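Colleague: my_file.tsv is reproduced in full below (TSV, C-alpha atoms).
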chain	number	residue	atom	x	y	z
A	1	MET	CA	-8.70	9.04	4.60
A	2	ASP	CA	-10.19	10.75	7.68
A	3	ILE	CA	-9.47	14.43	7.00
A	4	LYS	CA	-9.80	17.00	9.76
A	5	ASP	CA	-8.66	19.99	7.72
A	6	ALA	CA	-7.40	20.72	4.20
A	7	LYS	CA	-5.81	23.87	2.83
A	8	TYR	CA	-4.16	24.79	-0.46
A	9	GLU	CA	-0.44	25.68	-0.22
A	10	LYS	CA	1.88	27.55	-2.55
A	11	GLY	CA	5.11	26.17	-1.13
A	12	GLY	CA	7.04	29.30	-1.96
A	13	ASN	CA	5.75	29.37	-5.53
A	14	PRO	CA	3.49	32.03	-7.08
A	15	GLU	CA	0.78	29.43	-7.70
A	16	VAL	CA	-0.82	26.82	-5.50
A	17	ASN	CA	1.05	23.49	-5.86
A	18	SER	CA	-0.18	21.28	-3.04
A	19	ILE	CA	-2.80	20.64	-0.37
A	20	VAL	CA	-1.83	20.43	3.28
A	21	VAL	CA	-4.07	17.86	4.92
A	22	THR	CA	-4.38	17.37	8.66
A	23	LEU	CA	-5.68	13.92	9.46
A	24	SER	CA	-7.95	13.07	12.37
A	25	SER	CA	-5.09	10.92	13.68
A	26	GLY	CA	-2.91	14.04	13.94
A	27	GLY	CA	-0.61	13.30	11.03
A	28	VAL	CA	-0.03	15.86	8.30
A	29	LEU	CA	0.16	15.15	4.57
A	30	VAL	CA	1.45	17.49	1.91
A	31	VAL	CA	-0.29	16.31	-1.24
A	32	PRO	CA	0.81	17.42	-4.72
A	33	LEU	CA	-1.83	18.47	-7.24
A	34	ALA	CA	-1.17	15.43	-9.40
A	35	ASP	CA	-3.65	13.04	-10.95
A	36	ASP	CA	-1.26	10.14	-10.46
A	37	ASN	CA	-1.26	10.69	-6.70
A	38	SER	CA	-3.87	8.49	-5.01
A	39	ASP	CA	-4.21	10.86	-2.04
A	40	TYR	CA	-5.04	13.75	-4.40
A	41	VAL	CA	-7.58	11.57	-6.21
A	42	GLU	CA	-9.17	10.63	-2.86
A	43	ILE	CA	-9.29	14.27	-1.73
A	44	MET	CA	-10.98	15.32	-4.96
A	45	LYS	CA	-13.53	12.51	-4.53
A	46	GLN	CA	-14.43	13.90	-1.11
A	47	VAL	CA	-14.66	17.43	-2.51
A	48	LYS	CA	-16.90	16.23	-5.34
A	49	ALA	CA	-19.08	14.35	-2.86
A	50	GLY	CA	-19.47	17.56	-0.86
A	51	THR	CA	-17.92	16.09	2.28
A	52	LEU	CA	-14.73	18.19	2.17
A	53	THR	CA	-13.96	21.84	1.51
A	54	ILE	CA	-10.38	22.91	0.88
A	55	LYS	CA	-9.42	26.29	2.34
A	56	ASP	CA	-7.70	28.84	0.13
A	57	ALA	CA	-3.95	29.36	0.39
A	58	ASP	CA	-2.60	32.30	2.36
B	1	MET	CA	4.78	-31.77	-5.59
B	2	SER	CA	7.64	-33.99	-6.75
B	3	LYS	CA	10.79	-32.42	-8.20
B	4	ALA	CA	9.89	-33.80	-11.64
B	5	ALA	CA	6.43	-32.31	-11.45
B	6	GLU	CA	7.86	-28.98	-10.23
B	7	LEU	CA	10.25	-28.89	-13.19
B	8	ALA	CA	7.47	-29.77	-15.61
B	9	ALA	CA	5.30	-26.97	-14.17
B	10	LEU	CA	8.15	-24.48	-14.46
B	11	ILE	CA	8.80	-25.39	-18.09
B	12	ALA	CA	5.10	-25.24	-18.91
B	13	ASN	CA	4.77	-21.84	-17.23
B	14	VAL	CA	7.74	-20.41	-19.15
B	15	ASN	CA	6.17	-21.68	-22.35
B	16	HIS	CA	3.01	-19.79	-21.42
B	17	GLY	CA	4.74	-16.48	-20.77
B	18	SER	CA	6.06	-16.76	-17.21
B	19	SER	CA	9.73	-16.49	-16.31
B	20	LEU	CA	12.15	-18.33	-14.06
B	21	ALA	CA	12.89	-15.20	-12.04
B	22	ASN	CA	10.61	-12.33	-11.07
B	23	LYS	CA	7.65	-14.62	-11.73
B	24	ASN	CA	5.65	-13.36	-8.75
B	25	PHE	CA	3.28	-10.47	-9.47
B	26	ILE	CA	2.78	-10.01	-5.72
B	27	ILE	CA	5.31	-7.80	-3.92
B	28	ASN	CA	6.32	-8.64	-0.34
B	29	GLY	CA	4.47	-11.94	-0.40
B	30	ALA	CA	6.66	-13.20	2.46
B	31	MET	CA	5.67	-10.22	4.67
B	32	GLU	CA	9.30	-9.28	5.32
B	33	ILE	CA	9.10	-5.54	4.60
B	34	TYR	CA	7.29	-3.42	7.19
B	35	GLN	CA	8.27	0.24	6.92
B	36	ARG	CA	5.12	1.46	8.70
B	37	GLY	CA	5.55	-0.85	11.69
B	38	THR	CA	4.17	-4.22	12.74
B	39	SER	CA	0.76	-3.51	14.33
B	40	PHE	CA	-2.25	-1.79	12.77
B	41	ASP	CA	-5.67	-1.16	14.30
B	42	THR	CA	-7.85	-0.31	11.22
B	43	SER	CA	-9.29	2.52	13.28
B	44	SER	CA	-9.58	5.14	10.55
B	45	GLY	CA	-10.59	5.55	6.95
B	46	TYR	CA	-11.52	2.71	4.63
B	47	GLY	CA	-8.12	1.53	3.58
B	48	ASP	CA	-4.98	1.56	5.65
B	49	TYR	CA	-1.64	0.33	4.43
B	50	THR	CA	-0.13	-2.21	6.80
B	51	LEU	CA	2.95	-4.22	5.85
B	52	ASP	CA	4.42	-2.86	2.64
B	53	ARG	CA	2.08	-3.29	-0.35
B	54	TRP	CA	-0.58	-4.94	1.85
B	55	MET	CA	-3.64	-2.85	2.57
B	56	SER	CA	-6.59	-3.45	4.83
B	57	GLY	CA	-10.08	-2.47	3.76
B	58	HIS	CA	-12.94	-1.90	6.17
B	59	THR	CA	-16.22	-0.09	5.79
B	60	VAL	CA	-16.57	-0.13	9.60
B	61	THR	CA	-13.50	0.74	11.66
B	62	GLY	CA	-11.99	-1.27	14.46
B	63	LYS	CA	-13.48	-4.69	13.69
B	64	PHE	CA	-10.12	-6.36	13.20
B	65	SER	CA	-6.45	-5.65	13.72
B	66	ILE	CA	-3.36	-6.57	11.73
B	67	ASP	CA	0.01	-7.71	13.01
B	68	ARG	CA	3.21	-8.97	11.48
B	69	VAL	CA	4.14	-12.06	13.46
B	70	ALA	CA	6.99	-14.57	13.52
B	71	ASP	CA	4.71	-17.47	12.68
B	72	ALA	CA	5.08	-19.18	9.33
B	73	PRO	CA	5.43	-22.58	7.70
B	74	ALA	CA	8.91	-24.03	7.11
B	75	GLY	CA	10.90	-21.96	4.65
B	76	LEU	CA	9.17	-18.72	5.53
B	77	LYS	CA	9.62	-16.61	8.67
B	78	HIS	CA	6.81	-14.10	9.05
B	79	SER	CA	3.12	-13.81	8.29
B	80	LEU	CA	0.40	-11.22	8.30
B	81	LYS	CA	-2.10	-11.95	11.08
B	82	ALA	CA	-5.65	-10.59	11.22
B	83	THR	CA	-7.48	-10.78	14.54
B	84	SER	CA	-11.19	-10.17	14.88
B	85	ALA	CA	-12.06	-7.59	17.55
B	86	SER	CA	-15.61	-8.75	18.24
B	87	ALA	CA	-18.46	-10.98	17.09
B	88	TYR	CA	-19.64	-8.51	14.48
B	89	SER	CA	-22.74	-9.05	12.37
B	90	VAL	CA	-21.69	-7.88	8.90
B	91	GLY	CA	-24.13	-5.47	7.22
B	92	THR	CA	-25.40	-5.81	3.66
B	93	ASN	CA	-22.74	-3.77	1.87
B	94	GLU	CA	-20.01	-3.91	4.47
B	95	GLU	CA	-16.61	-5.37	3.71
B	96	PHE	CA	-13.53	-6.35	5.67
B	97	VAL	CA	-10.55	-7.35	3.55
B	98	ILE	CA	-6.82	-7.67	3.09
B	99	ARG	CA	-5.75	-6.76	-0.43
B	100	GLN	CA	-2.84	-5.98	-2.69
B	101	LYS	CA	-3.08	-3.65	-5.67
B	102	ILE	CA	-0.80	-4.61	-8.57
B	103	GLU	CA	0.43	-1.80	-10.81
B	104	GLY	CA	-0.89	-1.87	-14.36
B	105	GLU	CA	2.55	-1.78	-15.99
B	106	ASN	CA	3.43	-4.97	-14.14
B	107	CYS	CA	0.24	-6.62	-15.41
B	108	ILE	CA	1.08	-6.23	-19.10
B	109	PRO	CA	2.22	-9.89	-19.47
B	110	LEU	CA	-1.16	-11.05	-18.14
B	111	ALA	CA	-2.94	-9.69	-21.26
B	112	LEU	CA	-6.01	-8.91	-19.21
B	113	GLY	CA	-9.10	-7.95	-21.17
B	114	THR	CA	-7.84	-9.59	-24.36
B	115	ALA	CA	-8.44	-12.90	-26.07
B	116	SER	CA	-4.89	-13.81	-25.05
B	117	ALA	CA	-5.49	-13.36	-21.32
B	118	LYS	CA	-3.32	-15.74	-19.32
B	119	THR	CA	-4.27	-18.40	-16.84
B	120	VAL	CA	-2.67	-17.63	-13.48
B	121	THR	CA	-2.35	-19.35	-10.14
B	122	LEU	CA	-2.55	-17.57	-6.81
B	123	SER	CA	-0.81	-19.64	-4.15
B	124	PHE	CA	-0.40	-18.90	-0.47
B	125	TRP	CA	0.02	-20.39	2.97
B	126	VAL	CA	-2.88	-19.73	5.31
B	127	LYS	CA	-4.08	-20.76	8.75
B	128	SER	CA	-7.05	-19.75	10.86
B	129	SER	CA	-8.62	-20.51	14.19
B	130	LEU	CA	-11.79	-21.11	12.16
B	131	THR	CA	-12.42	-23.78	9.55
B	132	GLY	CA	-14.66	-23.77	6.51
B	133	THR	CA	-14.82	-22.05	3.15
B	134	PHE	CA	-13.00	-18.73	2.88
B	135	SER	CA	-13.01	-16.45	-0.13
B	136	GLY	CA	-11.41	-13.63	-2.03
B	137	ALA	CA	-11.60	-11.92	-5.39
B	138	PHE	CA	-9.71	-10.54	-8.37
B	139	LEU	CA	-10.91	-7.07	-9.46
B	140	ASN	CA	-10.00	-4.47	-12.04
B	141	SER	CA	-9.45	-0.81	-11.12
B	142	ALA	CA	-12.99	0.29	-11.96
B	143	GLU	CA	-14.31	-2.60	-9.85
B	144	ASP	CA	-16.68	-3.59	-12.64
B	145	ARG	CA	-14.93	-6.87	-13.49
B	146	CYS	CA	-14.63	-9.41	-10.72
B	147	TYR	CA	-13.81	-13.06	-10.11
B	148	VAL	CA	-14.68	-14.49	-6.69
B	149	PHE	CA	-12.64	-17.50	-5.57
B	150	THR	CA	-12.87	-19.79	-2.57
B	151	TYR	CA	-10.48	-21.95	-0.62
B	152	ALA	CA	-11.11	-24.38	2.20
B	153	ILE	CA	-9.40	-24.42	5.57
B	154	SER	CA	-9.92	-27.90	6.92
B	155	SER	CA	-7.89	-27.90	10.15
B	156	ALA	CA	-7.99	-25.11	12.71
B	157	SER	CA	-4.73	-23.34	13.55
B	158	THR	CA	-2.70	-25.37	11.06
B	159	TRP	CA	-0.71	-23.99	8.14
B	160	GLU	CA	-2.19	-25.12	4.81
B	161	LYS	CA	-0.96	-24.36	1.28
B	162	LYS	CA	-3.66	-23.18	-1.11
B	163	GLU	CA	-3.66	-22.81	-4.88
B	164	VAL	CA	-6.31	-20.94	-6.85
B	165	THR	CA	-6.09	-21.14	-10.64
B	166	VAL	CA	-7.96	-18.51	-12.63
B	167	ALA	CA	-8.37	-18.03	-16.37
B	168	LEU	CA	-8.06	-14.26	-16.50
B	169	ASP	CA	-10.71	-11.99	-17.94
B	170	THR	CA	-10.94	-11.70	-21.73
B	171	SER	CA	-13.17	-8.63	-21.57
B	172	GLY	CA	-13.55	-5.46	-19.54
B	173	THR	CA	-11.18	-2.51	-19.15
B	174	TRP	CA	-7.86	-3.25	-17.50
B	175	VAL	CA	-5.22	-0.59	-16.78
B	176	THR	CA	-1.70	-1.28	-18.08
B	177	SER	CA	-0.12	2.05	-17.09
B	178	SER	CA	1.03	3.23	-13.66
B	179	GLY	CA	-2.47	2.97	-12.19
B	180	ILE	CA	-4.15	-0.05	-10.61
B	181	GLY	CA	-3.96	-3.04	-12.94
B	182	LEU	CA	-5.35	-5.81	-10.78
B	183	THR	CA	-6.33	-6.04	-7.13
B	184	ILE	CA	-6.29	-9.30	-5.19
B	185	TYR	CA	-8.69	-9.36	-2.22
B	186	PHE	CA	-8.83	-11.78	0.70
B	187	SER	CA	-12.15	-11.47	2.48
B	188	LEU	CA	-12.39	-11.40	6.27
B	189	GLY	CA	-16.12	-10.77	5.96
B	190	ALA	CA	-18.52	-9.20	3.50
B	191	GLY	CA	-22.25	-8.66	3.46
B	192	SER	CA	-24.92	-10.10	1.19
B	193	GLY	CA	-24.59	-7.15	-1.17
B	194	LEU	CA	-21.03	-8.24	-1.96
B	195	GLN	CA	-21.67	-11.95	-2.42
B	196	ALA	CA	-21.62	-13.89	-5.70
B	197	THR	CA	-21.11	-17.39	-7.00
B	198	ALA	CA	-17.43	-18.25	-7.19
B	199	GLY	CA	-15.59	-19.28	-10.31
B	200	SER	CA	-16.58	-16.93	-13.12
B	201	TRP	CA	-16.02	-13.35	-14.24
B	202	ILE	CA	-18.90	-10.99	-13.47
B	203	SER	CA	-19.55	-7.28	-13.95
B	204	THR	CA	-20.15	-6.31	-10.32
B	205	LYS	CA	-17.90	-5.83	-7.32
B	206	ASP	CA	-18.20	-8.89	-5.11
B	207	LEU	CA	-15.78	-10.27	-2.56
B	208	THR	CA	-17.20	-13.46	-1.15
B	209	THR	CA	-19.86	-16.14	-1.42
B	210	SER	CA	-22.96	-16.60	0.70
B	211	SER	CA	-21.46	-19.68	2.35
B	212	SER	CA	-18.04	-18.25	3.21
B	213	VAL	CA	-16.67	-17.68	6.69
B	214	ASN	CA	-16.86	-14.13	8.06
B	215	LEU	CA	-13.80	-13.93	10.30
B	216	VAL	CA	-15.01	-10.68	11.90
B	217	GLY	CA	-18.14	-12.52	13.04
B	218	THR	CA	-16.22	-14.45	15.70
B	219	ASN	CA	-14.55	-12.60	18.55
B	220	ALA	CA	-10.77	-13.13	18.69
B	221	ALA	CA	-10.76	-15.35	15.59
B	222	THR	CA	-7.44	-15.28	13.78
B	223	TRP	CA	-6.31	-15.62	10.15
B	224	PHE	CA	-2.70	-15.74	9.00
B	225	ILE	CA	-1.28	-15.54	5.50
B	226	THR	CA	2.20	-15.63	3.97
B	227	GLY	CA	4.10	-16.93	0.96
B	228	VAL	CA	1.65	-15.24	-1.40
B	229	GLN	CA	2.50	-15.69	-5.05
B	230	LEU	CA	0.62	-14.88	-8.26
B	231	GLU	CA	2.21	-16.35	-11.36
B	232	ILE	CA	1.37	-17.26	-14.91
B	233	GLY	CA	0.47	-20.91	-15.27
B	234	LYS	CA	0.55	-23.51	-12.52
B	235	ALA	CA	1.76	-23.00	-8.98
B	236	THR	CA	5.48	-23.42	-8.44
B	237	ALA	CA	7.62	-23.00	-5.35
B	238	PHE	CA	7.50	-19.58	-3.68
B	239	GLU	CA	10.14	-17.29	-5.14
B	240	HIS	CA	12.43	-16.13	-2.35
B	241	GLU	CA	14.12	-12.95	-3.49
B	242	PRO	CA	16.82	-11.02	-1.62
B	243	ASN	CA	15.31	-8.83	1.09
B	244	GLN	CA	16.96	-5.75	-0.41
B	245	LEU	CA	15.32	-6.47	-3.77
B	246	THR	CA	11.88	-6.71	-2.16
B	247	LEU	CA	12.56	-3.46	-0.28
B	248	ASN	CA	13.59	-1.75	-3.51
B	249	ARG	CA	10.34	-2.86	-5.16
B	250	CYS	CA	8.38	-1.50	-2.18
B	251	LEU	CA	10.24	1.83	-2.28
B	252	ARG	CA	8.59	2.60	-5.61
B	253	TYR	CA	5.39	3.06	-3.62
B	254	PHE	CA	6.41	4.10	-0.12
B	255	ASN	CA	9.55	5.27	1.66
B	256	ARG	CA	9.60	6.06	5.38
B	257	ILE	CA	12.69	8.06	6.27
B	258	THR	CA	12.99	7.51	9.96
B	259	GLY	CA	14.78	10.26	11.82
B	260	TYR	CA	18.10	9.34	13.34
B	261	ASN	CA	18.82	12.86	14.51
B	262	THR	CA	21.10	13.30	11.55
B	263	ARG	CA	21.40	16.14	9.08
B	264	GLU	CA	19.65	14.42	6.22
B	265	PHE	CA	18.43	16.97	3.72
B	266	ALA	CA	21.01	19.37	2.34
B	267	GLY	CA	20.06	22.81	1.15
B	268	TYR	CA	20.42	26.48	1.95
B	269	ASN	CA	18.58	29.27	3.69
B	270	GLU	CA	16.59	31.18	1.16
B	271	SER	CA	15.68	33.92	3.63
B	272	THR	CA	15.83	34.64	7.35
B	273	THR	CA	12.80	32.38	7.90
B	274	LYS	CA	12.96	29.72	5.17
B	275	GLY	CA	15.24	26.83	4.31
B	276	LEU	CA	15.09	25.06	0.95
B	277	HIS	CA	16.12	21.40	0.96
B	278	VAL	CA	16.50	18.69	-1.62
B	279	PHE	CA	15.96	14.97	-1.43
B	280	ARG	CA	16.64	12.75	-4.42
B	281	PHE	CA	15.08	9.30	-4.13
B	282	ALA	CA	17.28	6.22	-4.34
B	283	ILE	CA	14.45	4.48	-6.20
B	284	LYS	CA	12.23	6.31	-8.66
B	285	MET	CA	8.70	6.40	-7.29
B	286	ARG	CA	5.53	5.43	-9.14
B	287	GLY	CA	4.32	9.02	-9.32
B	288	ASN	CA	4.47	12.38	-7.57
B	289	PRO	CA	4.59	11.43	-3.90
B	290	THR	CA	2.71	12.77	-0.93
B	291	ILE	CA	4.92	13.90	1.95
B	292	GLY	CA	3.70	12.63	5.30
B	293	VAL	CA	5.07	14.25	8.45
B	294	SER	CA	4.36	14.14	12.14
B	295	GLY	CA	1.90	16.71	13.42
B	296	THR	CA	4.59	18.19	15.67
B	297	VAL	CA	6.39	20.73	13.52
B	298	SER	CA	9.29	21.08	15.97
B	299	ASN	CA	10.30	17.51	15.10
B	300	TYR	CA	12.01	19.11	12.11
B	301	ILE	CA	15.00	21.33	12.69
B	302	ILE	CA	17.07	23.54	10.40
B	303	ALA	CA	20.76	23.12	11.20
B	304	TYR	CA	23.17	25.78	9.96
B	305	SER	CA	26.60	27.04	10.92
B	306	ASN	CA	27.06	25.76	14.49
B	307	THR	CA	23.49	26.18	15.58
B	308	GLN	CA	19.99	24.99	14.82
B	309	THR	CA	16.38	26.18	15.00
B	310	ALA	CA	13.20	24.12	15.25
B	311	CYS	CA	10.60	24.59	12.54
B	312	ASN	CA	7.40	26.44	13.26
B	313	ALA	CA	5.33	25.28	10.30
B	314	THR	CA	4.69	22.14	8.27
B	315	LEU	CA	7.16	21.31	5.53
B	316	ALA	CA	5.93	22.51	2.14
B	317	PHE	CA	6.65	21.35	-1.40
B	318	ASN	CA	8.66	23.59	-3.64
B	319	THR	CA	8.83	21.06	-6.47
B	320	THR	CA	8.04	17.38	-6.64
B	321	ASN	CA	8.41	14.60	-9.16
B	322	PRO	CA	8.86	10.80	-9.03
B	323	GLU	CA	12.65	11.17	-8.73
B	324	GLY	CA	12.89	13.70	-5.93
B	325	VAL	CA	11.49	16.65	-4.04
B	326	THR	CA	12.62	20.04	-2.95
B	327	PHE	CA	10.80	21.41	0.02
B	328	TYR	CA	10.69	24.41	2.28
B	329	SER	CA	11.09	24.44	6.02
B	330	SER	CA	10.13	27.47	8.07
B	331	VAL	CA	11.35	29.04	11.30
B	332	ALA	CA	10.30	32.21	13.09
B	333	SER	CA	13.58	34.05	12.48
B	334	GLY	CA	17.34	33.88	12.70
B	335	LEU	CA	18.54	32.35	9.43
B	336	THR	CA	21.05	34.01	7.16
B	337	ALA	CA	19.97	34.13	3.55
B	338	GLY	CA	22.36	32.25	1.27
B	339	GLN	CA	23.93	30.20	4.03
B	340	ALA	CA	24.14	26.41	3.64
B	341	SER	CA	21.86	24.41	5.91
B	342	CYS	CA	20.44	20.95	6.46
B	343	LEU	CA	17.13	19.69	7.75
B	344	ARG	CA	17.27	17.40	10.76
B	345	ASN	CA	14.42	14.96	11.04
B	346	ILE	CA	13.93	13.56	14.53
B	347	ASP	CA	10.66	11.78	13.78
B	348	TYR	CA	9.87	10.60	10.26
B	349	ILE	CA	9.14	11.73	6.76
B	350	ASP	CA	6.96	9.50	4.57
B	351	LEU	CA	7.09	9.62	0.80
B	352	LYS	CA	3.98	7.95	-0.53
B	353	ALA	CA	3.12	7.12	-4.12
B	354	GLU	CA	0.80	4.23	-3.42
B	355	LEU	CA	-1.75	2.94	-5.90
If you convert what's in this file into structure tokens, what do you get?

Modeller:
Amino acid sequence: MDIKDAKYEKGGNPEVNSIVVTLSSGGVLVVPLADDNSDYVEIMKQVKAGTLTIKDAD
Amino acid sequence: MSKAAELAALIANVNHGSSLANKNFIINGAMEIYQRGTSFDTSSGYGDYTLDRWMSGHTVTGKFSIDRVADAPAGLKHSLKATSASAYSVGTNEEFVIRQKIEGENCIPLALGTASAKTVTLSFWVKSSLTGTFSGAFLNSAEDRCYVFTYAISSASTWEKKEVTVALDTSGTWVTSSGIGLTIYFSLGAGSGLQATAGSWISTKDLTTSSSVNLVGTNAATWFITGVQLEIGKATAFEHEPNQLTLNRCLRYFNRITGYNTREFAGYNESTTKGLHVFRFAIKMRGNPTIGVSGTVSNYIIAYSNTQTACNATLAFNTTNPEGVTFYSSVASGLTAGQASCLRNIDYIDLKAEL
């Protein structure tokens, strides 16, 4: 997954519940914070590897 | 295979744990479902989904492309075609593959990692502009148990039926939940760091043999595959299932809702700037799905009363689970809180719960 930008999102809730990912291709993914979601697992791999930083939610 | 032999194989397979229907562990083996489109350039990331359930893998981008084409042996209609983009010299740990991940729950009858592990046969139709020994592999989710297999293509550009019989692994860790149970790889090229001797289970990730053809090493070389079936026991005739049934099986993992300029997602305006919409899936998904949307936020429009307003921000989850989502849409102003509304989608919304 070629990620251009990633930011936590609350989605109208008091707590963060997803990550909004902008891909290099221009597409946008809204990824739930769920261990059974392969996009979330991939994002966390990139964070752990130090190649991605997720911005805080507004 | 004669009819008598086919019947004998079917009976033997049932006696070994297979079934007369739903015997194929591969989904969309006939390449009929293509929600994402029919042409893919492998230009980004490592793994891109192509035709439903079929994923490319490439450590270097742009070395081959994938198309769904109307070219298949008798009894089938379409195939997945890989075309090499150049005469690429594959690096030590580089890989170029087509693969399908099989969900762990579906692998339970295979008894992987136990003394009762089944013998299975992977059968498929294949043709290539190149001849020689080609290869692939069976891997577990941790990629620390692997079985490399080979098959020979003897005549260029001619459909050939292949059968690969494998006694499944009696050791290692194999997922039997909603994660990746077993992945089947077809190699289009892999470097020396991913080469092993074919025909036995090993504890490393390997995809090919040292003597196998690297398709990506020949400019414009082509490789086609269809009629892919993985079943317990011996190979039997490809199981043709109704197209709608195959689509339903694919929808567990991916659902592209293409916009037809209709009011698709009912809901209400929670405030003057936010709509809240609900979408309940026709097929329960494997897990909590990702929502994929176009980068143009105005492709999504809140329709209410006799008017409508284009969104000014990306859709956002309110709640999500495998059976449905509620999500927020946002506009600059103008909504009436409490009023019913719908979301119009004039591009697409992807729901993705892939392995």

Colleague: What does the distance between atom CA of Val216 of chain B and atom CA of Thr92 of chain B come to in Å, to one decimal place?

Modeller: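 One can read the atom CA of Val216 of chain B to atom CA of Thr92 of chain B distance as 14.1 Å.
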
Colleague: When you look at Ala190 of chain B with a cut-off of 7 Å (counting all atoms listed in the file), what residues show up, excluding the ones that are within fewer than 2 positions of it in the same chain? I need them as a VMD selection string.

Modeller: chain B and resid 90 94 to 96 187 192 194 207 to 208 214

Colleague: Find, counting all atoms listed in the file, the residue in B:Gly189, B:Tyr151, B:Gly181, B:Ser44 that gets nearest to Val97 of chain B.

Modeller: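 Of B:Gly189, B:Tyr151, B:Gly181, B:Ser44, the one nearest Val97 of chain B, counting all atoms listed in the file, is B:Gly189.
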
Colleague: Looking at A:Glu15, A:Asp58, A:Glu42, A:Asp2, which one is nearest to chain B, with distances taken over only C-alpha atoms?

Modeller: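 The closest residue to chain B is A:Asp2.
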
Colleague: Kindly provide, as a PyMOL selection string, the residues of chain B having any atom no farther than 9 Å from an atom of chain A, counting only C-alpha atoms.

Modeller: chain B and resi 44-48+178-179+286-296+314-320+327-328+350+352-355

Colleague: Mind pulling up the distance from atom CA of Gly259 of chain B to atom CA of Thr307 of chain B?

Modeller: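 We find that atom CA of Thr307 of chain B and atom CA of Gly259 of chain B lie 18.5 Å from each other.
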
Colleague: Have a look at atom CA of Phe124 of chain B and atom CA of His240 of chain B and let me know their distance in Å, one decimal.

Modeller: 13.3 Å

Colleague: Hey, what's within 12 Å of Thr51 of chain A if we count all atoms listed in the file and toss same-chain stuff fewer than 2 positions away? As an MDAnalysis selection string, please?

Modeller: chainID A and resid 1:6 42:49 53:54

Colleague: For segment 78-81 of chain B, list every protein, DNA or RNA residue within 6 Å, evaluated using all atoms listed in the file, and leave out those in the same chain fewer than 2 positions away; present the list as an mmCIF file with C-alpha atoms, keeping the file's coordinate frame.

Modeller:
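So the final result, stored in around.cif, reads:
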data_model
loop_
_atom_site.group_PDB
_atom_site.id
_atom_site.type_symbol
_atom_site.label_atom_id
_atom_site.label_comp_id
_atom_site.auth_asym_id
_atom_site.auth_seq_id
_atom_site.Cartn_x
_atom_site.Cartn_y
_atom_site.Cartn_z
ATOM 1 C CA MET B 31 5.670 -10.220 4.670
ATOM 2 C CA ILE B 66 -3.360 -6.570 11.730
ATOM 3 C CA ASP B 67 0.010 -7.710 13.010
ATOM 4 C CA ARG B 68 3.210 -8.970 11.480
ATOM 5 C CA VAL B 69 4.140 -12.060 13.460
ATOM 6 C CA ALA B 70 6.990 -14.570 13.520
ATOM 7 C CA ASP B 71 4.710 -17.470 12.680
ATOM 8 C CA ALA B 72 5.080 -19.180 9.330
ATOM 9 C CA TRP B 223 -6.310 -15.620 10.150
ATOM 10 C CA PHE B 224 -2.700 -15.740 9.000
ATOM 11 C CA ILE B 225 -1.280 -15.540 5.500
ATOM 12 C CA THR B 226 2.200 -15.630 3.970
#

Colleague: Could the centre and edge lengths of an axis-aligned box, enclosing all atoms of segment 273-288 of chain B in the file with 8 Å extra on each side, be given in Å to one decimal as lines of an AutoDock Vina configuration file?

Modeller:
center_x = 10.8
center_y = 18.4
center_z = -0.7
size_x = 29.0
size_y = 43.9
size_z = 33.2

Colleague: Need the shell around Ser298 of chain B: protein/DNA/RNA residues with any atom at most 9 Å away, counting all atoms listed in the file. Skip same-chain ones fewer than 2 positions apart. Format as a ChimeraX atom specification?

Modeller: /B:295-296,300-301,309-313,346

Colleague: Let me make sure I understand: among B:Thr158, B:Thr197, B:Ser211, B:Asn140, which one has the smallest atom-to-atom distance to Gly172 of chain B if we use all atoms listed in the file?

Modeller: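 Residue with the minimum atom-to-atom distance to Gly172 of chain B: B:Asn140.
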
Colleague: Residues within 10 Å of segment 165-167 of chain B, please, as number ranges by chain. Count only C-alpha atoms; anything in the same chain fewer than 3 positions from it doesn't count.

Modeller: B: 112, 117-123, 138, 147-149, 170, 199-201, 230-235
